[in-house]
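Peer 1: My questions all concern the structure below.
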Amino acid sequence: MTEVAAPEPVATTHRRLDFAASLKEAGLAALVALALAVPLIGFRVVESNGTVGLTTRFSWVAIGVAAVFFGRLVLALSRPARRQSATGRGGARLAPLLQFGRRYARLIGIFGVGLAFALPALATRSVVDLATTVVIYVMLGWGLNVVVGLAGLLDLGYVAFYAVGAYSFALIAHALSLSFWEALPIAGLCAATAGILLGFPVLRLRGDYLAIVTLGFGEIVHILLLNWTSLTGGPSGFGDIPRPSLFGLVFAPHAPAGYRTFQDFFGVDFSPAQRIDFLYYIVLAMALLTNLFTIRLRRLPIGRAWEALREDEIACRALGINPTTVKLSAFAIGAMLGGFAGAFFATRQGFISPESFTFIESATILAIVVLGGMGSQLGVVLAAIVLVMAPELGRAFSEFRMLIFGAAMVGIMVWQPRGLLSYRAPSLRLGQRGEAAP
Amino acid sequence: MNYLLQQLVNGIALGAIYGLVAIGYTMVYGIIGMINFAHGEIYMIGAFVSLIAFLALGAIGVTYVPLALMLVLVIAMVFTSVYGWAVERIAYRPLRKSFRLAPLISAIGMSIFLQNYVQLLQGARVKTLQPVVRGGFVLVAGSFPVQVTYLQLFNVALTIALMAGFTYLIAATPLGRAQRACEQDSTMAALLGIDVDRTISLTFVIGAALAAVAGMMVLLYYGVIDFFIGFEAGIKAFTAAVLGGIGSLPGAMLGGLLIGLIEALWSGYASTEYKDVMVFVVLVLVLIFRPSGLFGRPEVEKV
């Protein structure tokens with residue numbers, strides 16, 4: 001570490017002192033890293049022929065500690081320089097990009113929708129299939145956004161409503177032999193009812209209690225699905241779920257009695273791709289409707305009440321808004337949207353099992369909302385694309401997927417607490433343009 | 001009758017573990033008013049550190065059981081505390097002034113991160129440990145003898161000892177005074193010269209150390225751990241903290257005992273499949289009918 005001779009002596013001592021302090025700081029950080037790394041990274045528990053033993057990998061510890069030491073040192077030394085730059089926080093570097101996104105949000109949105117509609121013509125079958133998954137997550141993200149982003153209620157068991165939608169759809173369609181389109185609204189209604197039933201007792205509680213109760217609710221639903229074998233089929237799942245039809249035209253090589261097939265009606269050859277494209281268009285339409293619905297809701301008194309409640313509950317109460325009903329409506333609408341997504345998921349898969357509805361799913365959806373920026377519709381889309389597509393890039397990444405999710409959630413909260421696309425236009429403006437709160 | 005007594009014994013031994021974890025929740029809640037979702041993961045890390053310490057001690061030839069237990073206890077507490085400290089420093093301290101949901105989301109992120117961190121480093125498979133403390137004695141003889149294992153006795157005795165030490169720490173040491181002062185009013189405490197950041201850090205360290213002991217106990221008790229145990233135990237311990245009145249230390253211990261008893265009795269008399277559902281039902285019922293818990297003060301909202 002050679003010091004460049006500074007022209008002024010005062011400056012030199014300052015830098016020297018700084019350097020010593022930085023060195024100390026880096027040393028401490030390295031010490032903590034050592035204590036963190038030694039037990040869990042340094043040793044690995046291995047089991048071979050019935051006996052448990054340990055293997056060591058101290059080289060990993062050494063690499064990790066060295067990385068922390070130098071990383072911290074560089075960070076500490078660059079701090080004065082960083083302070084001088086007026087922008088300050090780390091997120092500032094993204095500012096031009098964000099401003100661009102902000103200005104052209106509408107254009108990007110229109111372009112994105114156009115691209116989404118054209119996708120089946122441009123891409124292969126597997127890409128369309130993947131895009132369907134992405135859109136399901138976008139829809140779930142938008143649904144949860146109503147609850148978390150707009151109303152400010154942290155729901156950690158959102159997957160429960162997704163599951164209620166999927167299972168109620170499958171069971172009702174099966175029991176009453178209804179078609180997809182007939183059972184879909186019922187599934188949404190069931191999920192909304194579940195939301196109200198859960199919300200009614202717990203929405204009077206503080207935000208963090210709500211989070212843990214919803215987490216518990218998600219687990220209860222999961223346990224019920226696993227153990228109530230007579231109704232849900234237990235761990236082996238529930239199959240034979242009806243496929244959607246286009247105004248009575250079915251997508252299958254041969255039509256069942258009383259129906260016509262799509263290819264027969266339009267006089268084209270049968271291809272499995274038709275069904276995949278059709279499913280994609282259904283979910284795309286559902287998602288766009290969801291988007292339109294939430295954007296409109298946000299302008300209505302109820303949507304404004306949600307946002308007001310998120311910002312200051314006491315003030316809302318003083319102004320005569322009933323927090324419980326307002327929260328309940330957000331909860332029910334979020335649950336209903338999740339239910340619709342669940343019903344679509346069920347009909348697309350043709351088979352559902354409790355495996356699809358674990359806490360990991362809730363965490364993924366929450367990560368989509370948080371990373372995209374709570375309350376931002378476009379952000380949810382981008383986050384869903386990144387989070388769903390990323391595991392497809394390789395096995396190595398899918399192993400680290402949840403690790404990165406977790407770290408990203410912490411990082412976003414620390415550096416960009418409102419999410420990557422944090423800006424959204426206020427639904428109402430007071431006074432001068434451009435002075436609106438972020 | 002003996003069957004009931006046996007379930008009570010099991011429930012108390014289990015409840016001691018939940019109680020120790022619950023103290024971590026309740027202390028953190030008391031001082032910064034947030035639920036530390038990652039606390040269950042700290043407990044899981046405590047269990048893993050204990051397992052590794054046991055195996056390492058076995059490898060270097062420490063086989064005298066009381067000595068091994070003492071050493072593992074110290075090792076687990078020390079290393080797990082560092083994790084507790086680091087979690088607070090990285091994920092919560094920068095968010096003190098942030099909006100309401102930020103620390104909660106950060107905590108969930110931390111929890112997901114730690115789970116996967118351990119899974120990647122130690123593998124997803126269940127880890128087993130041969131019983132370290134064996135044997136027991138018969139408390140009540142009869143056609144269905146009520147047994148108390150030495151391990152259960154050890155767990156309960158250790159918990160009581162820790163509780164005594166901990167109560168002393170909070171009631172009579174400068175750190176405990178600072179801690180209680182920050183709990184009441186951290187701004188005022190800071191004005192009076194208390195280093196609030198340091199006190200909060202130490203709160204996390206103490207919570208993590210107690211969770212580490214709970215992790216060691218559960219490792220000894222069941223002999224099997226995996227990277228996912230923190231999730232369930234975390235929720236149960238949180239329920240215990242709420243049941244006892246969040247913010248209240250004796251409440252957390254009592255809540256832990258009650259949850260342990262409920263779980264043991266429910267699985268003894270009803271079904272084991274739904275024992276976790278039962279805990280959630282208790283949580284919801286407590287939150288609806290007595291949100292301030294058994295020993296908690298009712299919350300007053302200030303504008």
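Here, A, B, ... name the chains of the structure tokens in the order displayed, residue numbers run from 1 inside each chain, and ligands are numbered from 1 in the same displayed order.
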Can you tell me, as a PyMOL selection string, what residues are no more than 12 Å from Tyr29 (chain B) when counting only C-alpha atoms, ignoring any on the same chain fewer than 3 positions away?
Peer 2: (chain A and resi 208-209) or (chain B and resi 22-26+32-37+39+103-104+182-184+200+203-204+207+238+241-242+245-249+252)
Peer 1: For those residues, write C-alpha atoms to a file as a PDB file, in the first residue's frame.
Peer 2:
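Full text of part.pdb as output:
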```pdb
ATOM      1  CA  ASP A 208     -46.343  -7.097  11.923  1.00  0.00           C
ATOM      2  CA  TYR A 209     -48.883  -9.314  13.647  1.00  0.00           C
TER       3      TYR A 209
ATOM      4  CA  ALA B  22     -39.276 -16.703  22.447  1.00  0.00           C
ATOM      5  CA  ILE B  23     -37.103 -14.494  24.645  1.00  0.00           C
ATOM      6  CA  GLY B  24     -35.168 -13.419  21.565  1.00  0.00           C
ATOM      7  CA  TYR B  25     -38.386 -12.316  19.865  1.00  0.00           C
ATOM      8  CA  THR B  26     -39.755 -10.545  22.853  1.00  0.00           C
ATOM      9  CA  ILE B  32     -37.050  -1.733  18.482  1.00  0.00           C
ATOM     10  CA  GLY B  33     -40.653  -2.778  18.014  1.00  0.00           C
ATOM     11  CA  MET B  34     -40.117  -5.167  15.139  1.00  0.00           C
ATOM     12  CA  ILE B  35     -40.550  -8.893  14.693  1.00  0.00           C
ATOM     13  CA  ASN B  36     -37.181 -10.387  13.961  1.00  0.00           C
ATOM     14  CA  PHE B  37     -38.258 -12.970  11.403  1.00  0.00           C
ATOM     15  CA  HIS B  39     -34.588 -15.291  14.702  1.00  0.00           C
ATOM     16  CA  PRO B 103     -37.407  -3.867   8.467  1.00  0.00           C
ATOM     17  CA  LEU B 104     -40.008  -6.629   8.198  1.00  0.00           C
ATOM     18  CA  CYS B 182     -33.969   2.042  25.533  1.00  0.00           C
ATOM     19  CA  GLU B 183     -37.104  -0.023  25.662  1.00  0.00           C
ATOM     20  CA  GLN B 184     -39.004   2.761  27.365  1.00  0.00           C
ATOM     21  CA  ILE B 200     -29.609  -2.859  20.471  1.00  0.00           C
ATOM     22  CA  THR B 203     -29.874  -7.300  22.680  1.00  0.00           C
ATOM     23  CA  PHE B 204     -29.507  -9.210  19.439  1.00  0.00           C
ATOM     24  CA  GLY B 207     -31.146 -13.232  21.984  1.00  0.00           C
ATOM     25  CA  PHE B 238     -43.247 -16.184  18.229  1.00  0.00           C
ATOM     26  CA  ALA B 241     -43.977 -14.610  22.863  1.00  0.00           C
ATOM     27  CA  VAL B 242     -47.376 -13.237  21.843  1.00  0.00           C
ATOM     28  CA  GLY B 245     -47.403 -10.802  26.090  1.00  0.00           C
ATOM     29  CA  ILE B 246     -44.836  -9.517  23.646  1.00  0.00           C
ATOM     30  CA  GLY B 247     -42.219  -7.417  25.370  1.00  0.00           C
ATOM     31  CA  SER B 248     -42.538  -9.328  28.639  1.00  0.00           C
ATOM     32  CA  LEU B 249     -39.673 -11.665  29.529  1.00  0.00           C
ATOM     33  CA  ALA B 252     -42.128 -15.341  26.926  1.00  0.00           C
TER      34      ALA B 252
END
```
Peer 1: Using only C-alpha atoms, what does the table of chain B residues within 6 Å of chain A look like, with each row giving the shortest atom pair and its distance in Å to one decimal, sorted by chain and ascending number, as JSON lines?
Peer 2:
```
{"residue": "B:Ala102", "atom": "CA", "partner": "A:Met413", "partner_atom": "CA", "distance": 5.9}
{"residue": "B:Ser106", "atom": "CA", "partner": "A:Val410", "partner_atom": "CA", "distance": 4.5}
{"residue": "B:Gly109", "atom": "CA", "partner": "A:Gly406", "partner_atom": "CA", "distance": 3.9}
{"residue": "B:Met110", "atom": "CA", "partner": "A:Gly406", "partner_atom": "CA", "distance": 5.7}
{"residue": "B:Ile112", "atom": "CA", "partner": "A:Gly406", "partner_atom": "CA", "distance": 5.0}
{"residue": "B:Phe113", "atom": "CA", "partner": "A:Gly406", "partner_atom": "CA", "distance": 4.4}
{"residue": "B:Asn116", "atom": "CA", "partner": "A:Leu403", "partner_atom": "CA", "distance": 5.3}
{"residue": "B:Gln122", "atom": "CA", "partner": "A:Arg44", "partner_atom": "CA", "distance": 5.6}
{"residue": "B:Val277", "atom": "CA", "partner": "A:Ile220", "partner_atom": "CA", "distance": 5.6}
{"residue": "B:Phe280", "atom": "CA", "partner": "A:Gly216", "partner_atom": "CA", "distance": 5.9}
```
Peer 1: Keeping only N, CA and C atoms, write the selected residues to a file as a PDB file, in the first residue's frame.
Peer 2:
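Generated file (out03.pdb):
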```
ATOM      1  N   ALA B 102     -40.324  -1.748   5.952  1.00  0.00           N
ATOM      2  CA  ALA B 102     -38.970  -2.039   5.479  1.00  0.00           C
ATOM      3  C   ALA B 102     -38.224  -3.058   6.352  1.00  0.00           C
ATOM      4  N   SER B 106     -36.992  -6.760   5.095  1.00  0.00           N
ATOM      5  CA  SER B 106     -35.570  -7.056   5.204  1.00  0.00           C
ATOM      6  C   SER B 106     -35.349  -8.319   6.048  1.00  0.00           C
ATOM      7  N   GLY B 109     -36.196 -11.326   4.045  1.00  0.00           N
ATOM      8  CA  GLY B 109     -35.104 -11.580   3.119  1.00  0.00           C
ATOM      9  C   GLY B 109     -33.940 -12.254   3.822  1.00  0.00           C
ATOM     10  N   MET B 110     -33.616 -11.766   5.010  1.00  0.00           N
ATOM     11  CA  MET B 110     -32.518 -12.336   5.783  1.00  0.00           C
ATOM     12  C   MET B 110     -32.816 -13.793   6.117  1.00  0.00           C
ATOM     13  N   ILE B 112     -34.761 -15.918   4.500  1.00  0.00           N
ATOM     14  CA  ILE B 112     -34.623 -16.747   3.301  1.00  0.00           C
ATOM     15  C   ILE B 112     -33.145 -16.946   2.979  1.00  0.00           C
ATOM     16  N   PHE B 113     -32.384 -15.869   3.114  1.00  0.00           N
ATOM     17  CA  PHE B 113     -30.965 -15.947   2.811  1.00  0.00           C
ATOM     18  C   PHE B 113     -30.271 -16.963   3.710  1.00  0.00           C
ATOM     19  N   ASN B 116     -31.049 -20.658   2.970  1.00  0.00           N
ATOM     20  CA  ASN B 116     -30.410 -21.190   1.776  1.00  0.00           C
ATOM     21  C   ASN B 116     -28.904 -21.228   1.902  1.00  0.00           C
ATOM     22  N   GLN B 122     -24.195 -26.825   3.876  1.00  0.00           N
ATOM     23  CA  GLN B 122     -24.201 -28.081   4.621  1.00  0.00           C
ATOM     24  C   GLN B 122     -25.049 -29.156   3.956  1.00  0.00           C
ATOM     25  N   VAL B 277     -51.038 -26.823  13.047  1.00  0.00           N
ATOM     26  CA  VAL B 277     -52.246 -26.025  12.843  1.00  0.00           C
ATOM     27  C   VAL B 277     -52.739 -25.507  14.184  1.00  0.00           C
ATOM     28  N   PHE B 280     -51.057 -22.385  15.350  1.00  0.00           N
ATOM     29  CA  PHE B 280     -51.532 -21.188  14.659  1.00  0.00           C
ATOM     30  C   PHE B 280     -52.892 -20.767  15.172  1.00  0.00           C
TER      31      PHE B 280
END
```
Peer 1: Report as a PyMOL selection string all protein, DNA and RNA residues lying within 10 Å of Gly234 (chain B), evaluated on only C-alpha atoms, omitting residues in the same chain fewer than 2 positions from it.
Peer 2: chain B and resi 18+21-22+25+36-44+229-232+236-240
Peer 1: Please, could you write that set of residues out with N, CA and C atoms as a compact mmCIF listing (two decimals), in the first residue's frame?
Peer 2:
```txt
# COMPACT_ATOMS: atom_id res chain seq x y z
N TYR B 18 -38.79 -23.75 23.37
CA TYR B 18 -39.53 -22.64 22.76
C TYR B 18 -39.37 -21.36 23.57
N VAL B 21 -36.20 -19.50 22.76
CA VAL B 21 -36.25 -18.80 21.47
C VAL B 21 -37.18 -17.59 21.60
N ALA B 22 -38.29 -17.78 22.33
CA ALA B 22 -39.28 -16.70 22.45
C ALA B 22 -38.67 -15.46 23.09
N TYR B 25 -37.35 -13.11 20.54
CA TYR B 25 -38.39 -12.32 19.86
C TYR B 25 -38.86 -11.17 20.74
N ASN B 36 -38.41 -9.94 14.61
CA ASN B 36 -37.18 -10.39 13.96
C ASN B 36 -37.43 -11.75 13.32
N PHE B 37 -37.91 -11.72 12.08
CA PHE B 37 -38.26 -12.97 11.40
C PHE B 37 -37.07 -13.90 11.27
N ALA B 38 -35.87 -13.36 11.26
CA ALA B 38 -34.70 -14.20 11.05
C ALA B 38 -34.28 -14.93 12.34
N HIS B 39 -35.02 -14.69 13.44
CA HIS B 39 -34.59 -15.29 14.70
C HIS B 39 -34.66 -16.82 14.67
N GLY B 40 -35.69 -17.35 14.01
CA GLY B 40 -35.79 -18.81 13.86
C GLY B 40 -34.57 -19.37 13.16
N GLU B 41 -34.06 -18.61 12.21
CA GLU B 41 -32.88 -19.06 11.46
C GLU B 41 -31.64 -19.02 12.35
N ILE B 42 -31.60 -18.06 13.26
CA ILE B 42 -30.47 -17.98 14.19
C ILE B 42 -30.45 -19.24 15.07
N TYR B 43 -31.65 -19.65 15.48
CA TYR B 43 -31.78 -20.87 16.27
C TYR B 43 -31.30 -22.08 15.46
N MET B 44 -31.68 -22.12 14.18
CA MET B 44 -31.25 -23.22 13.31
C MET B 44 -29.73 -23.22 13.19
N ILE B 229 -35.51 -26.23 10.08
CA ILE B 229 -36.17 -26.30 11.40
C ILE B 229 -36.48 -24.92 11.97
N GLY B 230 -35.76 -23.89 11.52
CA GLY B 230 -35.95 -22.57 12.09
C GLY B 230 -37.32 -21.98 11.79
N PHE B 231 -37.87 -22.35 10.65
CA PHE B 231 -39.14 -21.77 10.22
C PHE B 231 -40.26 -22.11 11.21
N GLU B 232 -40.42 -23.41 11.44
CA GLU B 232 -41.50 -23.87 12.31
C GLU B 232 -41.27 -23.42 13.75
N LYS B 236 -43.53 -20.99 16.22
CA LYS B 236 -44.03 -21.43 17.53
C LYS B 236 -43.51 -20.52 18.63
N ALA B 237 -42.24 -20.18 18.54
CA ALA B 237 -41.68 -19.33 19.58
C ALA B 237 -42.31 -17.94 19.54
N PHE B 238 -42.59 -17.48 18.32
CA PHE B 238 -43.25 -16.18 18.23
C PHE B 238 -44.64 -16.24 18.86
N THR B 239 -45.35 -17.33 18.57
CA THR B 239 -46.65 -17.52 19.20
C THR B 239 -46.51 -17.51 20.71
N ALA B 240 -45.46 -18.17 21.20
CA ALA B 240 -45.22 -18.19 22.64
C ALA B 240 -45.02 -16.78 23.17
```
Peer 1: Neighbours of Leu175 (chain B) within 10 Å (only C-alpha atoms; same-chain residues fewer than 2 positions away dropped), as a PyMOL selection string?
Peer 2: chain B and resi 169-173+177-181+194+198-199+202-203
